[in-house]
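Asker: Dropping in query13.cif, which is mmCIF, C-alpha atoms and all ligand atoms:
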```
data_start
#
loop_
_atom_site.group_PDB
_atom_site.id
_atom_site.type_symbol
_atom_site.label_atom_id
_atom_site.label_comp_id
_atom_site.auth_asym_id
_atom_site.auth_seq_id
_atom_site.Cartn_x
_atom_site.Cartn_y
_atom_site.Cartn_z
ATOM 1 C CA MET A 1 10.123 9.869 -2.240
ATOM 2 C CA ASN A 2 9.102 6.282 -2.974
ATOM 3 C CA LEU A 3 5.616 6.044 -1.524
ATOM 4 C CA ASP A 4 5.017 2.466 -2.642
ATOM 5 C CA ALA A 5 8.112 1.217 -0.855
ATOM 6 C CA LEU A 6 7.208 3.180 2.243
ATOM 7 C CA LYS A 7 3.691 1.804 2.255
ATOM 8 C CA ARG A 8 5.072 -1.731 2.116
ATOM 9 C CA ASN A 9 7.360 -1.069 5.067
ATOM 10 C CA PRO A 10 7.026 2.344 6.740
ATOM 11 C CA GLU A 11 9.726 1.502 9.293
ATOM 12 C CA ARG A 12 12.501 0.803 6.814
ATOM 13 C CA ASP A 13 15.608 2.978 6.597
ATOM 14 C CA LEU A 14 14.699 5.716 4.178
ATOM 15 C CA GLY A 15 18.232 6.527 2.999
ATOM 16 C CA GLY A 16 18.567 9.515 0.704
ATOM 17 C CA ALA A 17 21.468 11.312 2.412
ATOM 18 C CA GLY A 18 24.386 9.920 0.392
ATOM 19 C CA PRO A 19 26.993 7.312 1.406
ATOM 20 C CA LEU A 20 27.241 6.677 5.144
ATOM 21 C CA LYS A 21 30.123 5.594 7.384
ATOM 22 C CA SER A 22 29.640 2.282 9.220
ATOM 23 C CA ASP A 23 28.964 3.999 12.594
ATOM 24 C CA GLU A 24 26.234 6.025 10.943
ATOM 25 C CA VAL A 25 24.779 2.917 9.293
ATOM 26 C CA ASN A 26 24.656 1.194 12.692
ATOM 27 C CA LEU A 27 22.953 4.180 14.296
ATOM 28 C CA ARG A 28 20.416 4.490 11.504
ATOM 29 C CA ASP A 29 19.590 0.788 11.752
ATOM 30 C CA ARG A 30 18.944 1.144 15.473
ATOM 31 C CA ILE A 31 16.530 4.043 15.096
ATOM 32 C CA ARG A 32 12.991 2.796 14.683
ATOM 33 C CA ILE A 33 10.145 4.845 13.231
ATOM 34 C CA LEU A 34 6.868 3.678 14.784
ATOM 35 C CA HIS A 35 3.306 4.838 15.331
ATOM 36 C CA GLY A 36 1.922 6.116 18.628
ATOM 37 C CA LEU A 37 3.281 6.406 22.162
ATOM 38 C CA THR A 38 3.018 4.497 25.409
ATOM 39 C CA GLU A 39 3.016 6.030 28.898
ATOM 40 C CA GLU A 40 6.749 5.291 29.195
ATOM 41 C CA HIS A 41 7.398 7.589 26.243
ATOM 42 C CA ILE A 42 5.328 10.531 27.324
ATOM 43 C CA ASP A 43 7.937 12.302 29.469
ATOM 44 C CA ASP A 44 10.524 12.143 26.693
ATOM 45 C CA VAL A 45 7.996 13.485 24.223
ATOM 46 C CA VAL A 46 6.716 16.397 26.280
ATOM 47 C CA ARG A 47 10.279 17.551 27.016
ATOM 48 C CA LEU A 48 11.284 17.187 23.391
ATOM 49 C CA TYR A 49 8.219 19.044 22.189
ATOM 50 C CA ASP A 50 8.634 21.781 24.749
ATOM 51 C CA LEU A 51 12.294 22.395 23.869
ATOM 52 C CA ALA A 52 11.522 22.420 20.142
ATOM 53 C CA PHE A 53 8.523 24.776 20.306
ATOM 54 C CA ARG A 54 9.222 26.776 23.452
ATOM 55 C CA GLN A 55 9.392 30.128 21.671
ATOM 56 C CA LYS A 56 5.818 29.806 20.552
ATOM 57 C CA LEU A 57 4.327 27.765 23.374
ATOM 58 C CA ALA A 58 5.723 29.983 26.116
ATOM 59 C CA LEU A 59 3.634 32.841 24.746
ATOM 60 C CA ALA A 60 0.536 30.921 25.638
ATOM 61 C CA ILE A 61 1.836 29.130 28.727
ATOM 62 C CA PRO A 62 4.822 30.971 30.233
ATOM 63 C CA ARG A 63 5.607 28.581 33.110
ATOM 64 C CA THR A 64 7.543 25.474 32.115
ATOM 65 C CA GLU A 65 5.897 23.332 34.797
ATOM 66 C CA ASP A 66 2.452 24.275 33.477
ATOM 67 C CA ARG A 67 3.421 23.459 29.906
ATOM 68 C CA LEU A 68 4.870 20.074 30.800
ATOM 69 C CA ALA A 69 1.915 19.134 32.998
ATOM 70 C CA LEU A 70 -0.583 20.153 30.327
ATOM 71 C CA PHE A 71 1.249 18.352 27.543
ATOM 72 C CA ARG A 72 1.464 15.202 29.654
ATOM 73 C CA LYS A 73 -2.237 15.343 30.333
ATOM 74 C CA THR A 74 -3.521 16.280 26.879
ATOM 75 C CA PHE A 75 -1.204 14.967 24.148
ATOM 76 C CA SER A 76 -2.817 12.191 22.170
ATOM 77 C CA ARG A 77 -0.952 8.906 22.557
ATOM 78 C CA SER A 78 -2.155 7.671 19.166
ATOM 79 C CA SER A 79 -1.900 10.609 16.726
ATOM 80 C CA CYS A 80 1.833 10.658 16.156
ATOM 81 C CA ILE A 81 4.816 8.856 14.703
ATOM 82 C CA ARG A 82 7.862 8.467 16.910
ATOM 83 C CA ALA A 83 11.564 7.926 16.318
ATOM 84 C CA GLU A 84 12.916 5.598 18.976
ATOM 85 C CA LEU A 85 16.479 4.678 19.908
ATOM 86 C CA SER A 86 17.102 2.172 22.716
ATOM 87 C CA ASP A 87 13.583 2.703 24.097
ATOM 88 C CA ARG A 88 14.042 6.496 24.285
ATOM 89 C CA ILE A 89 12.173 8.937 22.059
ATOM 90 C CA ILE A 90 14.434 11.070 19.908
ATOM 91 C CA GLY A 91 11.890 12.480 17.485
ATOM 92 C CA VAL A 92 8.166 12.861 16.967
ATOM 93 C CA VAL A 93 5.733 14.129 14.379
ATOM 94 C CA GLY A 94 2.127 14.704 15.421
ATOM 95 C CA TYR A 95 -0.833 14.666 13.077
ATOM 96 C CA GLN A 96 -4.564 15.152 13.055
ATOM 97 C CA LEU A 97 -6.815 12.276 12.052
ATOM 98 C CA ASN A 98 -10.555 11.787 12.487
ATOM 99 C CA ALA A 99 -10.896 15.018 14.460
ATOM 100 C CA GLU A 100 -8.258 13.833 16.939
ATOM 101 C CA SER A 101 -4.917 15.576 16.848
ATOM 102 C CA PHE A 102 -1.681 15.137 18.748
ATOM 103 C CA THR A 103 -1.996 18.460 20.556
ATOM 104 C CA GLY A 104 -5.776 18.734 20.124
ATOM 105 C CA GLY A 105 -6.575 18.040 23.761
ATOM 106 C CA LEU A 106 -4.780 21.249 24.558
ATOM 107 C CA THR A 107 -5.425 23.443 21.556
ATOM 108 C CA GLY A 108 -8.758 22.127 20.268
ATOM 109 C CA ASP A 109 -12.270 22.686 21.562
ATOM 110 C CA GLY A 110 -13.782 21.491 24.816
ATOM 111 C CA VAL A 111 -11.090 19.636 26.723
ATOM 112 C CA SER A 112 -8.598 22.400 26.121
ATOM 113 C CA TRP A 113 -10.343 25.021 28.157
ATOM 114 C CA ARG A 114 -10.980 22.674 31.066
ATOM 115 C CA ALA A 115 -7.375 21.450 31.098
ATOM 116 C CA LEU A 116 -5.969 24.977 30.880
ATOM 117 C CA ARG A 117 -8.185 26.239 33.656
ATOM 118 C CA GLU A 118 -7.452 23.344 35.972
ATOM 119 C CA GLN A 119 -3.713 23.737 35.541
ATOM 120 C CA MET A 120 -3.315 27.497 35.353
ATOM 121 C CA GLY A 121 -6.263 29.230 36.956
ATOM 122 C CA LEU A 122 -8.651 31.552 35.174
ATOM 123 C CA ASN A 123 -6.466 34.508 34.153
ATOM 124 C CA ARG A 124 -3.559 32.526 32.770
ATOM 125 C CA ALA A 125 -5.961 30.121 31.064
ATOM 126 C CA ILE A 126 -7.657 33.022 29.253
ATOM 127 C CA ARG A 127 -4.310 34.247 27.939
ATOM 128 C CA ALA A 128 -3.330 30.751 26.752
ATOM 129 C CA PHE A 129 -6.679 30.225 25.093
ATOM 130 C CA ILE A 130 -6.438 33.509 23.187
ATOM 131 C CA VAL A 131 -2.922 32.767 21.916
ATOM 132 C CA PHE A 132 -3.864 29.236 20.824
ATOM 133 C CA THR A 133 -6.952 30.566 19.084
ATOM 134 C CA LEU A 134 -4.797 32.933 17.000
ATOM 135 C CA PHE A 135 -2.931 29.946 15.589
ATOM 136 C CA ARG A 136 -5.873 27.702 14.893
ATOM 137 C CA ARG A 137 -6.717 26.685 11.326
ATOM 138 C CA SER A 138 -9.475 24.753 9.637
ATOM 139 C CA VAL A 139 -8.373 21.825 7.523
ATOM 140 C CA PRO A 140 -10.296 20.284 4.619
ATOM 141 C CA SER A 141 -11.173 16.626 4.985
ATOM 142 C CA ASN A 142 -8.878 15.531 2.106
ATOM 143 C CA THR A 143 -5.831 16.850 3.982
ATOM 144 C CA LEU A 144 -3.708 15.374 6.756
ATOM 145 C CA LEU A 145 -2.476 18.179 8.979
ATOM 146 C CA LEU A 146 0.895 17.687 10.641
ATOM 147 C CA ASP A 147 0.901 18.962 14.172
ATOM 148 C CA GLY A 148 4.578 19.696 14.819
ATOM 149 C CA ILE A 149 7.738 17.749 14.035
ATOM 150 C CA ALA A 150 10.669 17.733 16.444
ATOM 151 C CA VAL A 151 13.955 15.873 16.756
ATOM 152 C CA LYS A 152 16.074 15.889 19.916
ATOM 153 C CA GLU A 153 18.864 18.427 19.515
ATOM 154 C CA SER A 154 21.614 15.858 20.048
ATOM 155 C CA HIS A 155 20.232 13.736 17.192
ATOM 156 C CA ARG A 156 19.587 16.389 14.542
ATOM 157 C CA ASN A 157 21.286 16.277 11.118
ATOM 158 C CA GLN A 158 21.135 12.494 11.008
ATOM 159 C CA GLY A 159 18.147 12.235 8.709
ATOM 160 C CA ILE A 160 15.614 11.526 11.485
ATOM 161 C CA GLY A 161 13.417 14.537 10.669
ATOM 162 C CA SER A 162 13.394 13.393 7.057
ATOM 163 C CA ARG A 163 12.408 9.864 8.020
ATOM 164 C CA LEU A 164 9.585 11.107 10.253
ATOM 165 C CA LEU A 165 8.302 13.375 7.512
ATOM 166 C CA GLU A 166 8.471 10.654 4.879
ATOM 167 C CA SER A 167 6.652 8.231 7.174
ATOM 168 C CA ALA A 168 3.924 10.812 7.837
ATOM 169 C CA VAL A 169 3.472 11.381 4.096
ATOM 170 C CA ALA A 170 3.339 7.634 3.459
ATOM 171 C CA PHE A 171 0.802 7.253 6.274
ATOM 172 C CA ALA A 172 -1.357 9.998 4.713
ATOM 173 C CA ALA A 173 -1.239 8.234 1.326
ATOM 174 C CA GLU A 174 -2.173 4.935 2.955
ATOM 175 C CA LYS A 175 -5.170 6.573 4.649
ATOM 176 C CA GLY A 176 -6.379 7.981 1.319
ATOM 177 C CA PHE A 177 -5.607 11.644 1.935
ATOM 178 C CA GLU A 178 -4.863 13.793 -1.112
ATOM 179 C CA LYS A 179 -2.573 16.275 0.614
ATOM 180 C CA VAL A 180 -0.374 16.712 3.631
ATOM 181 C CA ARG A 181 -0.223 20.150 5.149
ATOM 182 C CA LEU A 182 1.938 21.817 7.751
ATOM 183 C CA ASN A 183 2.719 25.292 8.964
ATOM 184 C CA VAL A 184 6.155 26.720 9.544
ATOM 185 C CA ILE A 185 7.063 30.111 10.948
ATOM 186 C CA GLY A 186 8.865 32.581 8.692
ATOM 187 C CA THR A 187 12.100 32.485 10.711
ATOM 188 C CA ASN A 188 12.495 28.685 10.569
ATOM 189 C CA HIS A 189 14.430 28.624 7.284
ATOM 190 C CA ARG A 190 16.048 25.272 7.852
ATOM 191 C CA ALA A 191 12.795 23.461 8.525
ATOM 192 C CA LYS A 192 11.222 25.154 5.500
ATOM 193 C CA ALA A 193 14.148 24.027 3.301
ATOM 194 C CA LEU A 194 13.743 20.473 4.609
ATOM 195 C CA TYR A 195 10.037 20.498 3.731
ATOM 196 C CA GLU A 196 10.779 21.854 0.260
ATOM 197 C CA ARG A 197 13.282 19.066 -0.330
ATOM 198 C CA LYS A 198 10.573 16.608 0.637
ATOM 199 C CA GLY A 199 8.109 17.977 -1.915
ATOM 200 C CA PHE A 200 6.176 20.548 0.115
ATOM 201 C CA VAL A 201 5.419 23.906 -1.499
ATOM 202 C CA VAL A 202 4.215 27.143 0.069
ATOM 203 C CA ARG A 203 0.531 27.614 -0.704
ATOM 204 C CA ALA A 204 -0.251 30.541 1.602
ATOM 205 C CA THR A 205 1.528 33.044 3.784
ATOM 206 C CA ARG A 206 -0.052 34.401 6.922
ATOM 207 C CA TYR A 207 1.202 37.701 8.269
ATOM 208 C CA PHE A 208 1.260 38.647 11.954
ATOM 209 C CA LEU A 209 2.621 42.148 11.431
ATOM 210 C CA TYR A 210 0.999 43.700 14.492
ATOM 211 C CA LEU A 211 1.924 40.732 16.618
ATOM 212 C CA HIS A 212 5.617 40.540 15.758
ATOM 213 C CA TRP A 213 6.459 42.093 19.130
ATOM 214 C CA LEU A 214 4.569 39.288 20.830
ATOM 215 C CA PHE A 215 5.444 36.256 18.694
ATOM 216 C CA GLY A 216 8.987 37.131 17.568
ATOM 217 C CA PHE A 217 8.090 36.324 13.966
ATOM 218 C CA SER A 218 5.945 38.208 11.494
ATOM 219 C CA LYS A 219 4.699 35.485 9.162
ATOM 220 C CA SER A 220 4.074 31.791 8.834
ATOM 221 C CA TYR A 221 3.882 29.623 5.747
ATOM 222 C CA GLU A 222 1.257 27.041 4.994
ATOM 223 C CA MET A 223 2.983 24.286 3.019
ATOM 224 C CA HIS A 224 1.311 21.466 1.091
ATOM 225 C CA CYS A 225 2.506 18.190 -0.330
ATOM 226 C CA ASP A 226 0.150 16.779 -2.976
ATOM 227 C CA LEU A 227 -0.130 13.004 -2.917
ATOM 228 C CA PRO A 228 -0.642 10.836 -5.991
ATOM 229 C CA PRO A 229 -3.966 8.942 -5.978
ATOM 230 C CA THR A 230 -3.204 5.569 -4.370
ATOM 231 C CA GLY A 231 -6.605 4.157 -3.451
ATOM 232 C CA GLY A 232 -5.584 4.074 0.230
ATOM 233 C CA THR A 233 -7.631 2.402 2.923
ATOM 234 C CA GLY A 234 -9.841 5.497 3.072
ATOM 235 C CA ASP A 235 -10.478 5.149 6.806
ATOM 236 C CA ARG A 236 -10.075 8.844 7.424
ATOM 237 C CA GLN A 237 -13.228 10.682 8.349
ATOM 238 C CA PRO A 238 -14.389 12.223 5.070
ATOM 239 C CA LYS A 239 -17.253 14.573 5.846
ATOM 240 C CA THR A 240 -16.347 17.265 8.322
ATOM 241 C CA GLU A 241 -13.856 20.093 8.411
ATOM 242 C CA ASN A 242 -11.222 19.629 11.074
ATOM 243 C CA HIS A 243 -9.485 22.289 13.093
ATOM 244 C CA GLY A 244 -5.821 22.209 13.844
ATOM 245 C CA GLN A 245 -2.934 24.092 15.279
ATOM 246 C CA ALA A 246 -0.283 25.874 13.241
ATOM 247 C CA ARG A 247 3.342 25.216 14.197
HETATM 248 C C1 LIG A 301 13.384 20.664 11.804
HETATM 249 C C2 LIG A 301 13.889 19.377 12.441
HETATM 250 C C3 LIG A 301 12.694 18.496 12.819
HETATM 251 C C4 LIG A 301 14.757 18.622 11.412
HETATM 252 O O1 LIG A 301 15.168 17.400 11.986
HETATM 253 P P1 LIG A 301 16.555 16.684 11.560
HETATM 254 O O2 LIG A 301 16.489 15.316 12.110
HETATM 255 O O3 LIG A 301 17.699 17.529 11.938
HETATM 256 O O4 LIG A 301 16.366 16.678 9.978
HETATM 257 P P2 LIG A 301 17.283 15.896 8.904
HETATM 258 O O5 LIG A 301 18.548 15.418 9.549
HETATM 259 O O6 LIG A 301 16.429 14.913 8.217
HETATM 260 O O7 LIG A 301 17.597 17.009 7.873
HETATM 261 C C5 LIG A 301 18.232 18.154 8.293
HETATM 262 C C6 LIG A 301 19.590 18.298 7.652
HETATM 263 O O8 LIG A 301 20.420 17.161 7.807
HETATM 264 C C7 LIG A 301 20.848 16.696 6.529
HETATM 265 N N1 LIG A 301 20.847 15.236 6.626
HETATM 266 C C8 LIG A 301 19.876 14.388 6.299
HETATM 267 N N2 LIG A 301 20.282 13.111 6.529
HETATM 268 C C9 LIG A 301 21.531 13.193 7.038
HETATM 269 C C10 LIG A 301 22.488 12.247 7.494
HETATM 270 N N3 LIG A 301 22.248 10.923 7.476
HETATM 271 N N4 LIG A 301 23.658 12.706 8.004
HETATM 272 C C11 LIG A 301 23.923 14.021 8.032
HETATM 273 N N5 LIG A 301 23.054 14.961 7.599
HETATM 274 C C12 LIG A 301 21.890 14.548 7.110
HETATM 275 C C13 LIG A 301 19.834 17.225 5.591
HETATM 276 O O9 LIG A 301 20.346 17.398 4.289
HETATM 277 C C14 LIG A 301 19.473 18.557 6.219
HETATM 278 O O10 LIG A 301 20.409 19.564 5.846
HETATM 279 P P3 LIG A 301 20.353 21.102 6.291
HETATM 280 O O11 LIG A 301 21.369 21.231 7.370
HETATM 281 O O12 LIG A 301 20.708 21.865 5.068
HETATM 282 O O13 LIG A 301 18.956 21.400 6.799
HETATM 283 C C15 LIG A 301 14.766 19.660 13.685
HETATM 284 O O14 LIG A 301 15.742 20.601 13.322
HETATM 285 C C16 LIG A 301 13.977 20.210 14.876
HETATM 286 O O15 LIG A 301 13.450 19.456 15.697
HETATM 287 N N6 LIG A 301 13.892 21.534 15.004
HETATM 288 C C17 LIG A 301 13.170 22.174 16.130
HETATM 289 C C18 LIG A 301 11.692 22.069 15.935
HETATM 290 C C19 LIG A 301 11.250 22.647 14.626
HETATM 291 O O16 LIG A 301 11.674 23.718 14.229
HETATM 292 N N7 LIG A 301 10.348 21.910 13.962
HETATM 293 C C20 LIG A 301 9.776 22.348 12.712
HETATM 294 C C21 LIG A 301 8.567 23.166 12.992
HETATM 295 S S1 LIG A 301 7.670 23.492 11.531
#
```
Now that the file is in, can you turn its structure into structure tokens?
Answerer:
Amino acid sequence: MNLDALKRNPERDLGGAGPLKSDEVNLRDRIRILHGLTEEHIDDVVRLYDLAFRQKLALAIPRTEDRLALFRKTFSRSSCIRAELSDRIIGVVGYQLNAESFTGGLTGDGVSWRALREQMGLNRAIRAFIVFTLFRRSVPSNTLLLDGIAVKESHRNQGIGSRLLESAVAFAAEKGFEKVRLNVIGTNHRAKALYERKGFVVRATRYFLYLHWLFGFSKSYEMHCDLPPTGGTGDRQPKTENHGQAR
């Protein structure tokens, strides 16, 4: 991955998937990789995120209408990178920066409980809170935590996931982070292979043996990508430990 080139122009076509036919070139040129979301994007993003992570999220929040309402209310509009085609969102990667994370309003401290309770009532909110707590992780301050990457099903296998991942890594380098970290469940072999191709290695495995019946998977991998020292802008928050959500 050429970090210098990405830092100069994070929205450029990242290539790397061999020769392309002209239709594919045209499509790739029309897909833009950009930071953040506006209110017009939010419905696309919550649906995309829900479809991609339903298996896990439905454990915490079983009703689709609750999930969508909560995501709409709590997802950070700034802590993500989006893939856009003709003003529609076709991919997103969330991250955590300066104690704010893409899904942090839902899964972090404080706001989360209030939002869950308002939407779901006390009993369902308790269940959701417990499930989210099981997946929470602390993150050292030198590490950018990715908070879920998803590409619309109709647009997968076109290199968009790769471009989002590469842009997130370049963004981390620019901000002066030393590592990028993400979590992937043990059954998501394809996503894990994609991360490995992009330079991530498994640094820890977490087992959920007793909870396999509940989650549908028995382990998750913590994967790291070490970044070369670049002297980035350093405007990440350096002192505190952050908390984030495993995907
Ligand atoms: C994981 C995910 C984000 C990958 O997105 P994607 O856009 O399909 O990823 P890419 O296209 O960059 O790479 C995937 C495959 O396409 C291939 N590819 C890359 N560029 C390509 C191109 N231009 N044309 C055709 N294939 C291409 C890659 O080699 C890779 O091969 P594989 O089939 O062996 O995995 C997507 O599958 C997804 O949203 N899954 C559901 C959510 C999820 O599991 N997220 C990960 C949680 S940790």
Asker: Given the file shown, enumerate the residues that the PyMOL selection byres (((chain A and resi 36-53) around 9) and not hetatm) captures and present them as a ChimeraX atom specification.
Answerer: /A:34-35,54-58,64,67-69,71-72,75-82,87-92,148-153,247
Asker: Which residues, named as in the file, does the PyMOL selection byres (((not hetatm)) within 9 of (chain A and resi 301)) pick out? Answer as JSON, numbers by chain.
Answerer: {"A": [15, 16, 17, 18, 19, 20, 24, 25, 28, 48, 49, 51, 52, 53, 91, 92, 93, 146, 147, 148, 149, 150, 151, 152, 153, 155, 156, 157, 158, 159, 160, 161, 162, 163, 164, 165, 182, 183, 184, 185, 188, 189, 190, 191, 192, 193, 194, 195, 197, 246, 247]}
Asker: By how many Å are CA of Leu85 in chain A and CA of Leu27 in chain A apart?
Answerer: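 CA of Leu27 in chain A lies at a distance of 8.6 Å from CA of Leu85 in chain A.
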Asker: Kindly give the distance, in Å, that separates CA of Ile31 in chain A and CA of Phe102 in chain A, rounded to a single decimal.
Answerer: 21.6 Å
Asker: May I ask which of the residues A:Leu227, A:Ala60, A:Ala204, A:Ile33 is the closest one to Ala170 in chain A, counting all atoms listed in the file?
Answerer: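 So, comparing all the options, the nearest one is A:Leu227.
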Asker: Which of these residues is nearest to Pro228 in chain A, using only C-alpha atoms: A:Leu145, A:Ala172, A:Leu122, A:Ile130?
Answerer: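 Of A:Leu145, A:Ala172, A:Leu122, A:Ile130, the one nearest Pro228 in chain A is A:Ala172, counting only C-alpha atoms.
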Asker: Evaluating the PyMOL selection byres (((chain A and resi 115-121) around 12) and not hetatm) on the displayed file yields which residues, as a count of residues only?
Answerer: 37
Asker: Which distance in Å separates CA of Thr103 in chain A and CA of Phe177 in chain A, to one decimal?
Answerer: 20.2 Å
Asker: Ranking A:Phe135, A:Ala168, A:Ser141, A:Ala173 by minimum distance to Lys219 in chain A and counting only C-alpha atoms, which one comes first?
Answerer: A:Phe135
Asker: Find the residues near Arg206 in chain A: any atom within 9 Å, counting only C-alpha atoms, skip ones fewer than 2 places away on the same chain, and give them as a tab-separated table (two decimals) with C-alpha atoms, in the coordinates of the input.
Answerer:
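Generated output (result_39.tsv):
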```tsv
chain	number	residue	atom	x	y	z
A	204	ALA	CA	-0.25	30.54	1.60
A	208	PHE	CA	1.26	38.65	11.95
A	218	SER	CA	5.94	38.21	11.49
A	219	LYS	CA	4.70	35.48	9.16
A	220	SER	CA	4.07	31.79	8.83
A	221	TYR	CA	3.88	29.62	5.75
A	222	GLU	CA	1.26	27.04	4.99
```
